[in-house]
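A.B. asks: Just so it is clear, I am handing over input_34.txt, which has compact mmCIF, C-alpha atoms.
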# COMPACT_ATOMS: atom_id res chain seq x y z
CA MET A 1 7.95 30.92 54.62
CA LYS A 2 10.20 27.89 54.15
CA ARG A 3 7.14 25.74 53.42
CA ILE A 4 5.97 28.21 50.76
CA ILE A 5 9.39 28.26 49.11
CA THR A 6 9.56 24.47 49.25
CA ALA A 7 6.11 24.20 47.67
CA ILE A 8 7.12 26.58 44.88
CA VAL A 9 10.28 24.58 44.21
CA VAL A 10 8.31 21.32 44.09
CA VAL A 11 5.68 22.74 41.72
CA THR A 12 8.38 24.19 39.48
CA ALA A 13 10.25 20.89 39.45
CA ILE A 14 7.08 19.00 38.51
CA ALA A 15 6.32 21.47 35.73
CA LEU A 16 9.84 21.12 34.35
CA LEU A 17 9.62 17.33 34.55
CA VAL A 18 6.31 17.31 32.69
CA ALA A 19 7.69 19.67 30.04
CA CYS A 20 10.77 17.50 29.54
CA THR A 21 8.88 14.21 29.35
CA SER A 22 5.96 15.44 27.25
CA GLN A 23 6.21 15.08 23.51
CA SER A 24 6.48 18.46 21.82
CA PRO A 25 3.65 19.23 19.40
CA GLU A 26 4.58 18.99 15.74
CA VAL A 27 3.01 20.10 12.48
CA THR A 28 1.62 17.88 9.72
CA GLU A 29 1.23 19.50 6.30
CA ILE A 30 -0.97 17.88 3.66
CA VAL A 31 -1.07 19.13 0.09
CA VAL A 32 -3.81 17.99 -2.29
CA LEU A 33 -3.47 18.34 -6.06
CA ARG A 34 -6.71 17.48 -7.87
CA ASP A 35 -6.67 16.88 -11.62
CA ILE A 36 -9.76 18.42 -13.24
CA THR A 37 -8.79 17.70 -16.84
CA ASP A 38 -10.84 14.48 -16.93
CA ASN A 39 -14.44 13.82 -15.87
CA HIS A 40 -13.76 10.35 -14.43
CA LEU A 41 -10.88 10.90 -11.99
CA VAL A 42 -11.05 9.95 -8.31
CA GLN A 43 -12.02 12.91 -6.13
CA PRO A 44 -10.49 13.83 -2.73
CA ASN A 45 -12.50 12.71 0.29
CA ALA A 46 -12.43 15.00 3.34
CA ASP A 47 -12.89 12.21 5.92
CA GLU A 48 -10.01 10.18 4.46
CA ILE A 49 -7.71 13.19 4.38
CA LEU A 50 -8.53 14.20 7.96
CA THR A 51 -7.39 10.78 9.24
CA LEU A 52 -3.89 11.52 7.93
CA PHE A 53 -3.59 14.38 10.44
CA ASN A 54 -3.65 11.85 13.32
CA PRO A 55 -6.77 13.24 15.07
CA LYS A 56 -5.73 11.66 18.40
CA SER A 57 -2.93 14.25 18.70
CA LYS A 58 -5.12 17.32 19.12
CA TRP A 59 -2.25 19.64 20.13
CA ASN A 60 -0.29 19.09 16.91
CA GLY A 61 -0.42 21.72 14.19
CA ARG A 62 -2.08 21.13 10.83
CA VAL A 63 -1.72 22.72 7.41
CA PHE A 64 -3.98 21.90 4.46
CA HIS A 65 -3.05 23.25 1.02
CA PHE A 66 -5.21 22.66 -2.06
CA THR A 67 -4.91 23.41 -5.76
CA ASP A 68 -6.17 22.00 -9.05
CA LEU A 69 -4.20 20.49 -11.91
CA THR A 70 -5.61 22.04 -15.08
CA ASN A 71 -4.66 22.85 -18.66
CA VAL A 72 -2.31 25.61 -17.44
CA SER A 73 0.76 25.51 -15.20
CA TYR A 74 -0.21 28.08 -12.55
CA ASN A 75 -3.42 27.70 -10.58
CA GLN A 76 -4.96 29.36 -7.54
CA ALA A 77 -4.23 27.70 -4.18
CA MET A 78 -6.35 27.58 -1.03
CA GLU A 79 -4.96 26.96 2.45
CA VAL A 80 -6.14 26.57 6.04
CA LYS A 81 -3.94 26.27 9.14
CA LEU A 82 -4.25 25.12 12.73
CA GLU A 83 -1.32 26.24 14.89
CA ALA A 84 0.36 23.75 17.24
CA GLN A 85 -0.25 24.39 20.94
CA ASN A 86 1.29 23.40 24.26
CA GLU A 87 -1.10 21.04 26.05
CA TRP A 88 -0.23 22.43 29.48
CA LEU A 89 -0.73 26.05 28.52
CA SER A 90 -3.96 25.67 26.54
CA ASN A 91 -7.66 25.18 27.10
CA GLU A 92 -8.97 21.84 25.86
CA LEU A 93 -12.49 23.09 25.07
CA ASP A 94 -11.10 25.99 23.03
CA ARG A 95 -8.80 23.59 21.23
CA ASP A 96 -11.69 21.30 20.31
CA LYS A 97 -13.50 24.29 18.78
CA GLU A 98 -10.39 25.25 16.79
CA ILE A 99 -10.02 21.70 15.47
CA LYS A 100 -13.69 21.62 14.45
CA GLY A 101 -13.26 24.94 12.67
CA PHE A 102 -10.22 23.60 10.79
CA GLU A 103 -12.08 20.46 9.76
CA ASN A 104 -15.12 22.44 8.61
CA ARG A 105 -12.95 24.77 6.53
CA LEU A 106 -11.11 21.83 4.91
CA THR A 107 -14.41 20.16 4.07
CA GLU A 108 -15.73 23.45 2.70
CA ILE A 109 -12.70 23.87 0.42
CA LEU A 110 -13.10 20.37 -1.01
CA GLY A 111 -16.86 20.77 -1.34
CA LYS A 112 -16.51 24.07 -3.17
CA ASN A 113 -14.01 22.64 -5.61
CA GLU A 114 -16.14 19.57 -6.30
CA ARG A 115 -18.52 21.99 -8.01
CA GLU A 116 -15.82 23.38 -10.29
CA THR A 117 -16.09 22.56 -14.00
CA ILE A 118 -14.21 19.34 -14.75
CA GLY A 119 -12.82 18.46 -18.18
CA LYS A 120 -10.09 20.16 -20.22
CA ASP A 121 -8.58 19.61 -23.66
CA ASN A 122 -5.01 19.79 -22.34
CA SER A 123 -3.34 18.99 -19.01
CA SER A 124 -0.23 20.41 -17.36
CA VAL A 125 0.73 17.83 -14.73
CA TYR A 126 4.46 17.74 -14.02
CA PHE A 127 5.07 21.48 -13.69
CA PRO A 128 2.56 22.15 -10.87
CA ILE A 129 3.52 18.92 -9.09
CA ALA A 130 7.21 19.85 -9.15
CA LYS A 131 6.55 23.44 -8.04
CA GLU A 132 4.41 22.22 -5.15
CA LEU A 133 7.00 19.66 -4.08
CA ASN A 134 9.79 22.24 -4.11
CA ARG A 135 7.59 24.53 -2.00
CA LEU A 136 6.94 21.67 0.41
CA VAL A 137 10.69 21.07 0.73
CA GLN A 138 11.03 24.56 2.23
CA SER A 139 8.28 23.92 4.80
CA SER A 140 9.31 23.52 8.44
CA SER A 141 6.52 21.00 9.08
CA ALA A 142 7.65 17.75 10.71
CA LYS A 143 5.42 15.57 8.52
CA LYS A 144 4.81 16.37 4.86
CA ILE A 145 2.32 14.58 2.62
CA LEU A 146 1.39 15.21 -1.02
CA LEU A 147 -1.79 13.64 -2.40
CA ILE A 148 -2.01 13.62 -6.21
CA TYR A 149 -5.44 12.74 -7.60
CA SER A 150 -4.55 12.28 -11.26
CA ASP A 151 -3.90 9.83 -14.09
CA LEU A 152 -0.63 11.79 -14.63
CA MET A 153 -1.24 11.99 -18.38
CA GLU A 154 0.72 15.05 -19.43
CA ASN A 155 -0.83 16.70 -22.49
CA THR A 156 0.90 19.91 -23.53
CA ARG A 157 2.23 21.08 -26.89
CA GLU A 158 5.77 20.01 -26.03
CA MET A 159 5.03 16.73 -24.24
CA SER A 160 1.85 14.73 -24.73
CA PHE A 161 1.66 11.18 -23.36
CA TYR A 162 -1.30 10.64 -25.67
CA ASP A 163 1.23 10.69 -28.50
CA ARG A 164 2.42 7.08 -28.94
CA GLY A 165 5.99 8.11 -29.64
CA LYS A 166 6.25 10.28 -26.52
CA PHE A 167 4.48 7.72 -24.36
CA SER A 168 6.83 4.95 -25.48
CA LEU A 169 9.76 6.99 -24.15
CA LEU A 170 8.51 6.30 -20.61
CA LYS A 171 9.59 2.69 -21.15
CA THR A 172 12.32 2.83 -23.80
CA ASN A 173 14.16 5.99 -22.75
CA PRO A 174 12.70 7.54 -19.59
CA ASN A 175 15.80 9.69 -19.14
CA ASP A 176 14.76 11.76 -22.17
CA VAL A 177 11.46 12.56 -20.43
CA LYS A 178 13.30 13.31 -17.19
CA ILE A 179 15.67 15.71 -18.97
CA TYR A 180 12.71 17.52 -20.51
CA PHE A 181 10.89 17.79 -17.17
CA ASP A 182 14.09 19.00 -15.47
CA SER A 183 14.29 21.78 -18.04
CA GLN A 184 10.84 22.91 -16.85
CA VAL A 185 11.39 22.57 -13.09
CA GLU A 186 14.22 20.65 -11.43
CA LEU A 187 13.15 18.80 -8.31
CA LYS A 188 14.99 19.42 -5.05
CA ASN A 189 15.86 16.73 -2.47
CA LEU A 190 12.47 15.31 -1.44
CA SER A 191 13.59 13.37 1.64
CA GLY A 192 10.93 13.40 4.35
CA ILE A 193 8.03 13.80 1.92
CA THR A 194 5.44 11.05 1.45
CA ILE A 195 3.56 11.08 -1.85
CA TYR A 196 0.32 9.26 -2.69
CA ILE A 197 -0.63 8.95 -6.37
CA ILE A 198 -4.33 8.14 -6.43
CA PHE A 199 -6.12 6.90 -9.53
CA GLN A 200 -8.57 4.13 -10.42
CA PRO A 201 -8.40 2.99 -14.07
CA LYS A 202 -11.73 2.37 -15.78
CA GLY A 203 -10.50 -0.20 -18.27
CA ILE A 204 -7.54 -2.16 -19.65
CA LYS A 205 -6.23 0.70 -21.82
CA GLU A 206 -6.30 3.18 -18.93
CA ASP A 207 -4.71 0.57 -16.69
CA GLU A 208 -1.78 0.06 -19.07
CA GLN A 209 -1.34 3.81 -19.53
CA PHE A 210 -1.36 4.43 -15.79
CA LYS A 211 1.11 1.62 -15.07
CA GLY A 212 3.56 3.20 -17.51
CA VAL A 213 3.29 6.82 -16.38
CA SER A 214 2.94 6.10 -12.63
CA GLY A 215 5.97 3.81 -12.77
CA PHE A 216 7.97 6.62 -14.34
CA TYR A 217 6.85 9.10 -11.66
CA LYS A 218 7.53 6.63 -8.85
CA ASN A 219 11.11 6.08 -10.05
CA LEU A 220 11.66 9.82 -10.58
CA LEU A 221 10.30 10.91 -7.20
CA GLU A 222 11.97 8.11 -5.24
CA SER A 223 15.30 8.93 -6.87
CA LYS A 224 14.93 12.35 -5.21
CA GLY A 225 14.32 10.80 -1.78
CA ALA A 226 10.51 10.78 -1.53
CA GLU A 227 8.40 7.85 -0.38
CA VAL A 228 5.79 7.04 -3.04
CA GLU A 229 2.59 5.02 -2.79
CA ILE A 230 0.32 4.29 -5.78
CA ALA A 231 -3.27 3.34 -4.96
CA ALA A 232 -6.93 3.67 -5.92
CA SER A 233 -7.67 5.44 -2.61
CA ILE A 234 -6.01 6.52 0.65
CA SER A 235 -7.72 3.90 2.81
Take the structure in this file and express it as structure tokens.

C.D. replies:
Amino acid sequence: MKRIITAIVVVTAIALLVACTSQSPEVTEIVVLRDITDNHLVQPNADEILTLFNPKSKWNGRVFHFTDLTNVSYNQAMEVKLEAQNEWLSNELDRDKEIKGFENRLTEILGKNERETIGKDNSSVYFPIAKELNRLVQSSSAKKILLIYSDLMENTREMSFYDRGKFSLLKTNPNDVKIYFDSQVELKNLSGITIYIIFQPKGIKEDEQFKGVSGFYKNLLESKGAEVEIAASIS
């Protein structure tokens, strides 16, 4: 009897030691905003996005949230989740199947939306970005990433960056643009959120436009605590 009790104590102690020394699973949440107001914008790539989930950590949770940037401010969102699991209380083969299912669903969402009609006369950019960021602030995920596939060229009745006067404000008086955007949606504290702005200019004019508007967004978002990267692609 004493040997049985001793064995139980040893097994329990080992289990507790493993639990204490093992890294707890965490959740990574990735949000993709794809601008469909222009025919020549960079499109999200499923393989690139999946690498951001750190595929080596199979027990971590994953959330993928997708929506388009269009000519209106509110657009339908699509989401797929993979719950975090305890490595010692789960089946590895079942987990591999769940991960494959998550990856297939993410790829399916991006593939479906690649077939959506691209090209709009107007573009609402700031409002949906700000709403999505404020939603992400409330998320309990340990790692939060926002991918914005857009040239960021706002084009609404009230604020069009295609208007030379309005566009010049980005350089001469960016606070006026910030005040206007704040009146639409005020950003919360974005600490802990990493933002990638992804766009590849097709010529000198586009390049100059993007430098101006992306610089404004970088300053605005970093002033709220976010980390911002501007690139032609994730990789």

A.B. asks: Can you pull out the residues contacting stretch 133-136 of chain A? Cut-off 12 Å, using only C-alpha atoms, and skip same-chain residues under 2 positions away; I want them as a PyMOL selection string.

C.D. replies: chain A and resi 28-33+63-65+126-131+138-148+185-195+221+224-226

A.B. asks: Compile the contact shell of stretch 163-175 of chain A as an mmCIF file with C-alpha atoms, keeping the file's coordinate frame: residues with an atom at most 9 Å away, counting all atoms listed in the file, same-chain residues fewer than 3 positions apart removed.

C.D. replies:
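Wrote it out as part_8.cif, contents follow:
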data_model
loop_
_atom_site.group_PDB
_atom_site.id
_atom_site.type_symbol
_atom_site.label_atom_id
_atom_site.label_comp_id
_atom_site.auth_asym_id
_atom_site.auth_seq_id
_atom_site.Cartn_x
_atom_site.Cartn_y
_atom_site.Cartn_z
ATOM 1 C CA ASN A 155 -0.830 16.700 -22.490
ATOM 2 C CA MET A 159 5.030 16.730 -24.240
ATOM 3 C CA SER A 160 1.850 14.730 -24.730
ATOM 4 C CA LYS A 178 13.300 13.310 -17.190
ATOM 5 C CA ILE A 179 15.670 15.710 -18.970
ATOM 6 C CA TYR A 180 12.710 17.520 -20.510
ATOM 7 C CA GLN A 209 -1.340 3.810 -19.530
ATOM 8 C CA GLY A 212 3.560 3.200 -17.510
ATOM 9 C CA VAL A 213 3.290 6.820 -16.380
ATOM 10 C CA GLY A 215 5.970 3.810 -12.770
ATOM 11 C CA PHE A 216 7.970 6.620 -14.340
#

A.B. asks: At what distance in Å, to one decimal, does atom CA of A:Glu154 lie from atom CA of A:Asn71?

C.D. replies: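 Rounded to one decimal, the two atoms are 9.5 Å apart.
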
A.B. asks: Between A:Asp176, A:Glu158, A:Glu132, A:Glu48, which one has atoms that come closest to A:Thr67, using all atoms listed in the file?

C.D. replies: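 Of all the options, A:Glu132 lies closest to A:Thr67.
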
A.B. asks: Mind pulling up the distance from atom CA of A:Asp35 to atom CA of A:Lys112?

C.D. replies: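 Interatomic distance here is 14.8 Å.
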
A.B. asks: Could you tell me how far atom CA of A:Ser233 sits from atom CA of A:Gln43, in Å to one decimal place?

C.D. replies: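 The value is 9.3 Å.
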
A.B. asks: Name the closest residue to A:Met153 among the candidates A:Asp38, A:Asp94, A:Glu108, A:Glu83; distances are taken between atoms, counting only C-alpha atoms.

C.D. replies: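 Comparing A:Asp38, A:Asp94, A:Glu108, A:Glu83 against A:Met153, the winner is A:Asp38.
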
A.B. asks: Could you check the closest approach to A:Glu26 for each of A:Ala84, A:Val177, A:Leu220, A:Val137 and tell me which residue wins, using all atoms listed in the file?

C.D. replies: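 The answer is A:Ala84, which sits nearest to A:Glu26.
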
A.B. asks: Out of A:Glu79, A:Ile197, A:Glu87, A:Val72, which residue has the shortest atom-to-atom distance to A:Arg157 when counting all atoms listed in the file?

C.D. replies: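 Using all atoms listed in the file, the shortest distance to A:Arg157 belongs to A:Val72.
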
A.B. asks: Which of these, A:Ser124, A:Ala46, A:Val27, A:Phe66, has the shortest distance to A:Leu82 once you count all atoms listed in the file?

C.D. replies: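 For A:Leu82, the nearest of the given residues is A:Val27.
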